[in-house]
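Quick notes on the structure that follows.
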Amino acid sequence: MPRPRRRLAGTCIGTVTAGLLATGAALASPDEIRAEDSGTAMGAYLDYGPDGVARIPYLSRWLGGRDIRVGHTYLPGDQWAGIEGRVSFLEDWARWRRADDDRMFVLNVPMQARNEARVPDEQVARLIRAGAQGHYDAHFRRLAERLVSLGVPDTVIVLGWEMNGVTYTHRCRPDPANWKVYWRRIVEVMRSVPGQKFKFDFAPNRGTDAIGWTKCYPGDDVVDIIGMDSYDQGPGQSFDDQISQPYGLQKHVDFARAHRKAISYPEWGLFRRGDNPEYVRRMLAWIEQNKPLYHTITDYCPHGVWQCKQNPASAKVFRSALTPEVPAPVTPTPVVPTPVVPTPVVPTPVVPTPVVPTPQVPTPQVPTPAVPTPQVPTPAVP
């Protein structure tokens, strides 16, 4: 797998120019393998220091506003001071992480100084035994204290990554039994620091490599996540081979399920086979199917798709799959006016009320009888 020293000085990393930013604002058309926002945190390795932090919003813009939730970097493994976290760029990453509770900070931590010095197996075995005996405990205690003091106590620690290979001084094959003891000591020391909430990610190379990676597994009580670094290279001629090969992608998923652990893909990308959109399509579909806790593509040449301009077909697939789908514009339903049908006015026939004449009953004229007044003679007084 790619050597992490190259992550600190990628020669093909494109400069983020104004033109790039302008084109990054456009949305890609939907693709049949569009990755839905299913809870998997997505990120990319963009640079180890402040430039990596600064590029995150521009990658998000290139992906149509997709939320880049994972910030991923590496501690230098040339000296113990770097492994202790005595590097200024940790402050930049801690500030980015603290700005949003939904973000995740992933930090690859070497287990040995001179980690890429091509130390021979005999010396590696002695270093592993020294670690198992506690000679390096203080270095990892200082790292844990540094991360807690920076306000990132929940950092995901990818400890001794690709331990099943032959590249790093922290490799497992020279002494698997003591290597597992050494891993356990590191985890126990870091967990002893007050305030820590670290998650430890055990992340081998895909495939057998120098040793079957299950032989290096240190135990469920000191592992929180089972990761895998997987690039487009052998062993295997096709993506189906990468799934089914010994210690391949399917073994990784099955092993994690058996141990009730979340999975991750801390490193993935193109490598030996150039611009390979089919690989990118299949890898994104595999991620969508198996729902890792997080995944981060290694985005510098020859592995990447945004900063590396030599993989345009793969970049198109990646961008189409991860750009959030924009709802189609709502076309208003035309309002068809309901025709007003006039109600015919039927005149109510006026039936004349017959005028019944009131009969005039004549009042009978009763004659008043004339009573004669009697004539009383007045007597003559003598």
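Going by the structure tokens order, chains are called A, B, ..., each with residues numbered from 1, while ligands are numbered from 1 in the order shown.
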
Review point. So which bits of region 34-229 of chain A end up strand (DSSP E or B) when you DSSP the backbone, as a PyMOL selection string?
Key: chain A and resi 41-45+70-74+104-109+156-159+199-202+205+225-227+229

Generate the output file for the selected residues, N, CA, C and O atoms, as an mmCIF file, in the first residue's frame.
```cif
data_model
loop_
_atom_site.group_PDB
_atom_site.id
_atom_site.type_symbol
_atom_site.label_atom_id
_atom_site.label_comp_id
_atom_site.auth_asym_id
_atom_site.auth_seq_id
_atom_site.Cartn_x
_atom_site.Cartn_y
_atom_site.Cartn_z
ATOM 1 N N ALA A 41 -19.987 8.473 7.564
ATOM 2 C CA ALA A 41 -19.271 9.746 7.470
ATOM 3 C C ALA A 41 -18.245 9.652 6.347
ATOM 4 O O ALA A 41 -17.512 8.668 6.242
ATOM 5 N N MET A 42 -18.192 10.673 5.505
ATOM 6 C CA MET A 42 -17.311 10.663 4.339
ATOM 7 C C MET A 42 -16.262 11.752 4.479
ATOM 8 O O MET A 42 -16.523 12.834 5.023
ATOM 9 N N GLY A 43 -15.042 11.462 4.022
ATOM 10 C CA GLY A 43 -13.978 12.447 4.025
ATOM 11 C C GLY A 43 -12.922 12.097 3.005
ATOM 12 O O GLY A 43 -13.106 11.209 2.170
ATOM 13 N N ALA A 44 -11.809 12.801 3.069
ATOM 14 C CA ALA A 44 -10.695 12.557 2.161
ATOM 15 C C ALA A 44 -9.423 13.043 2.828
ATOM 16 O O ALA A 44 -9.448 14.024 3.583
ATOM 17 N N TYR A 45 -8.323 12.352 2.557
ATOM 18 C CA TYR A 45 -7.031 12.862 2.997
ATOM 19 C C TYR A 45 -6.576 13.893 1.959
ATOM 20 O O TYR A 45 -6.313 13.558 0.797
ATOM 21 N N VAL A 70 -15.488 13.969 7.875
ATOM 22 C CA VAL A 70 -14.268 13.359 8.410
ATOM 23 C C VAL A 70 -13.058 14.194 8.038
ATOM 24 O O VAL A 70 -12.831 14.495 6.863
ATOM 25 N N GLY A 71 -12.270 14.566 9.034
ATOM 26 C CA GLY A 71 -10.957 15.150 8.815
ATOM 27 C C GLY A 71 -9.912 14.103 9.152
ATOM 28 O O GLY A 71 -9.942 13.498 10.234
ATOM 29 N N HIS A 72 -8.981 13.847 8.229
ATOM 30 C CA HIS A 72 -8.050 12.714 8.370
ATOM 31 C C HIS A 72 -6.617 13.199 8.174
ATOM 32 O O HIS A 72 -6.312 13.854 7.176
ATOM 33 N N THR A 73 -5.747 12.880 9.138
ATOM 34 C CA THR A 73 -4.339 13.207 8.982
ATOM 35 C C THR A 73 -3.479 12.162 9.691
ATOM 36 O O THR A 73 -3.998 11.206 10.268
ATOM 37 N N TYR A 74 -2.146 12.343 9.616
ATOM 38 C CA TYR A 74 -1.173 11.374 10.117
ATOM 39 C C TYR A 74 -0.151 12.088 10.994
ATOM 40 O O TYR A 74 0.297 13.196 10.668
ATOM 41 N N MET A 104 -15.873 14.230 12.667
ATOM 42 C CA MET A 104 -15.044 13.145 13.188
ATOM 43 C C MET A 104 -13.602 13.433 12.808
ATOM 44 O O MET A 104 -13.303 13.746 11.652
ATOM 45 N N PHE A 105 -12.713 13.319 13.780
ATOM 46 C CA PHE A 105 -11.284 13.507 13.525
ATOM 47 C C PHE A 105 -10.599 12.147 13.588
ATOM 48 O O PHE A 105 -10.641 11.461 14.612
ATOM 49 N N VAL A 106 -9.975 11.757 12.467
ATOM 50 C CA VAL A 106 -9.287 10.466 12.350
ATOM 51 C C VAL A 106 -7.784 10.730 12.281
ATOM 52 O O VAL A 106 -7.331 11.494 11.416
ATOM 53 N N LEU A 107 -7.031 10.100 13.175
ATOM 54 C CA LEU A 107 -5.600 10.361 13.295
ATOM 55 C C LEU A 107 -4.831 9.037 13.237
ATOM 56 O O LEU A 107 -4.987 8.181 14.107
ATOM 57 N N ASN A 108 -4.004 8.882 12.205
ATOM 58 C CA ASN A 108 -3.130 7.710 12.130
ATOM 59 C C ASN A 108 -1.916 7.917 13.028
ATOM 60 O O ASN A 108 -1.220 8.936 12.911
ATOM 61 N N VAL A 109 -1.681 6.944 13.904
ATOM 62 C CA VAL A 109 -0.623 7.053 14.909
ATOM 63 C C VAL A 109 0.367 5.904 14.733
ATOM 64 O O VAL A 109 -0.012 4.737 14.883
ATOM 65 N N VAL A 156 -10.586 9.361 16.626
ATOM 66 C CA VAL A 156 -10.432 7.980 16.166
ATOM 67 C C VAL A 156 -8.946 7.750 15.903
ATOM 68 O O VAL A 156 -8.355 8.406 15.039
ATOM 69 N N ILE A 157 -8.332 6.826 16.640
ATOM 70 C CA ILE A 157 -6.903 6.544 16.540
ATOM 71 C C ILE A 157 -6.708 5.317 15.644
ATOM 72 O O ILE A 157 -7.082 4.203 16.027
ATOM 73 N N VAL A 158 -6.157 5.520 14.442
ATOM 74 C CA VAL A 158 -5.803 4.397 13.573
ATOM 75 C C VAL A 158 -4.374 4.015 13.950
ATOM 76 O O VAL A 158 -3.396 4.564 13.438
ATOM 77 N N LEU A 159 -4.280 3.087 14.863
ATOM 78 C CA LEU A 159 -3.007 2.758 15.494
ATOM 79 C C LEU A 159 -2.278 1.665 14.713
ATOM 80 O O LEU A 159 -2.834 0.613 14.434
ATOM 81 N N LYS A 199 -11.526 6.212 20.213
ATOM 82 C CA LYS A 199 -11.904 4.970 19.545
ATOM 83 C C LYS A 199 -10.671 4.468 18.793
ATOM 84 O O LYS A 199 -10.040 5.237 18.061
ATOM 85 N N PHE A 200 -10.362 3.198 18.945
ATOM 86 C CA PHE A 200 -9.163 2.624 18.341
ATOM 87 C C PHE A 200 -9.556 1.756 17.145
ATOM 88 O O PHE A 200 -10.369 0.841 17.255
ATOM 89 N N ASP A 201 -8.939 2.098 15.999
ATOM 90 C CA ASP A 201 -9.255 1.476 14.715
ATOM 91 C C ASP A 201 -8.095 0.568 14.305
ATOM 92 O O ASP A 201 -6.963 1.026 14.087
ATOM 93 N N PHE A 202 -8.367 -0.729 14.187
ATOM 94 C CA PHE A 202 -7.403 -1.739 13.746
ATOM 95 C C PHE A 202 -7.566 -1.873 12.233
ATOM 96 O O PHE A 202 -8.556 -2.389 11.751
ATOM 97 N N ASN A 205 -3.896 -3.838 5.720
ATOM 98 C CA ASN A 205 -4.036 -3.862 4.269
ATOM 99 C C ASN A 205 -5.063 -4.913 3.865
ATOM 100 O O ASN A 205 -5.205 -5.947 4.528
ATOM 101 N N ILE A 225 -13.094 -0.326 16.254
ATOM 102 C CA ILE A 225 -13.440 -0.328 14.833
ATOM 103 C C ILE A 225 -12.450 -1.249 14.128
ATOM 104 O O ILE A 225 -11.262 -1.269 14.471
ATOM 105 N N ILE A 226 -12.935 -2.006 13.148
ATOM 106 C CA ILE A 226 -12.042 -2.829 12.331
ATOM 107 C C ILE A 226 -12.044 -2.228 10.928
ATOM 108 O O ILE A 226 -13.054 -2.265 10.223
ATOM 109 N N GLY A 227 -10.925 -1.607 10.563
ATOM 110 C CA GLY A 227 -10.815 -0.932 9.283
ATOM 111 C C GLY A 227 -10.089 -1.777 8.259
ATOM 112 O O GLY A 227 -9.647 -2.901 8.519
ATOM 113 N N ASP A 229 -7.425 -0.768 4.679
ATOM 114 C CA ASP A 229 -6.905 0.077 3.605
ATOM 115 C C ASP A 229 -6.922 -0.735 2.320
ATOM 116 O O ASP A 229 -6.357 -1.837 2.275
#
```

Interface rows for region 254-333 of chain A against region 217-220 of chain A: nearest pair, Å to one decimal, 10 Å, only C-alpha atoms, as JSON lines:
```
{"residue": "A:Ala256", "atom": "CA", "partner": "A:Asp220", "partner_atom": "CA", "distance": 10.0}
{"residue": "A:His259", "atom": "CA", "partner": "A:Asp220", "partner_atom": "CA", "distance": 6.9}
{"residue": "A:Arg260", "atom": "CA", "partner": "A:Asp220", "partner_atom": "CA", "distance": 8.7}
{"residue": "A:Lys261", "atom": "CA", "partner": "A:Asp220", "partner_atom": "CA", "distance": 8.3}
```

Review point. Which is closest to Tyr168 (chain A) among A:Tyr136, A:Gln112, A:Glu188, A:Tyr294, if we use only C-alpha atoms?
Key: A:Gln112

Exercise for review: Could you please determine the separation between CA of Gly269 (chain A) and CA of Gly304 (chain A) in Å, to one decimal place?
Suggested key: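 If I compute the distance from CA of Gly269 (chain A) to CA of Gly304 (chain A), I get 6.2 Å.
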
Study note, to complete from the structure: Correct to one decimal, the distance CA of Gly64 (chain A)-CA of Gln307 (chain A) is 16.0 Å

**Study point:** Å distance separating CA of Glu267 (chain A) from CA of Ile287 (chain A), one decimal place
**Key:**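 About the pair CA of Glu267 (chain A) and CA of Ile287 (chain A): they are 12.5 Å apart.
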
Exercise for review: Any chance you could list, as a VMD selection string, the residues in region 177-300 of chain A that come up helix (DSSP H, G or I) when DSSP is run on the backbone?
Suggested key: chain A and resid 177 to 191 213 to 216 220 to 222 239 to 244 249 to 258 277 to 290

Exercise for review: Please provide the set of residues having any atom within 9 Å of Met283 (chain A), restricted to only C-alpha atoms, with same-chain residues fewer than 5 positions apart removed, written as a list of chain:residue names.
Suggested key: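 Near Met283 (chain A), the qualifying residues are A:Phe239, A:Trp268, A:Gly269, A:Glu278, A:Glu288.
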
Residues from last step as file, N, CA and C atoms, as a PDB file, in the first residue's frame:
```pdb
ATOM      1  N   PHE A 239     -12.331  -6.386  -9.206  1.00  0.00           N
ATOM      2  CA  PHE A 239     -12.912  -6.026  -7.921  1.00  0.00           C
ATOM      3  C   PHE A 239     -13.526  -7.242  -7.252  1.00  0.00           C
ATOM      4  N   TRP A 268      -8.499   4.482   0.778  1.00  0.00           N
ATOM      5  CA  TRP A 268      -8.809   3.754  -0.430  1.00  0.00           C
ATOM      6  C   TRP A 268      -8.598   4.690  -1.605  1.00  0.00           C
ATOM      7  N   GLY A 269      -8.443   4.117  -2.788  1.00  0.00           N
ATOM      8  CA  GLY A 269      -8.230   4.950  -3.968  1.00  0.00           C
ATOM      9  C   GLY A 269      -7.581   4.163  -5.090  1.00  0.00           C
ATOM     10  N   GLU A 278     -14.398   2.064 -13.206  1.00  0.00           N
ATOM     11  CA  GLU A 278     -15.143   0.890 -12.763  1.00  0.00           C
ATOM     12  C   GLU A 278     -14.774   0.526 -11.324  1.00  0.00           C
ATOM     13  N   GLU A 288     -21.542   1.642   0.141  1.00  0.00           N
ATOM     14  CA  GLU A 288     -22.969   1.879   0.355  1.00  0.00           C
ATOM     15  C   GLU A 288     -23.663   0.621   0.865  1.00  0.00           C
TER      16      GLU A 288
END
```

Check your understanding: Of the residues A:Pro324, A:Thr167, A:Pro277, A:Asp240, which is the one nearest to Asp67 (chain A), using only C-alpha atoms?
Key -> A:Pro324
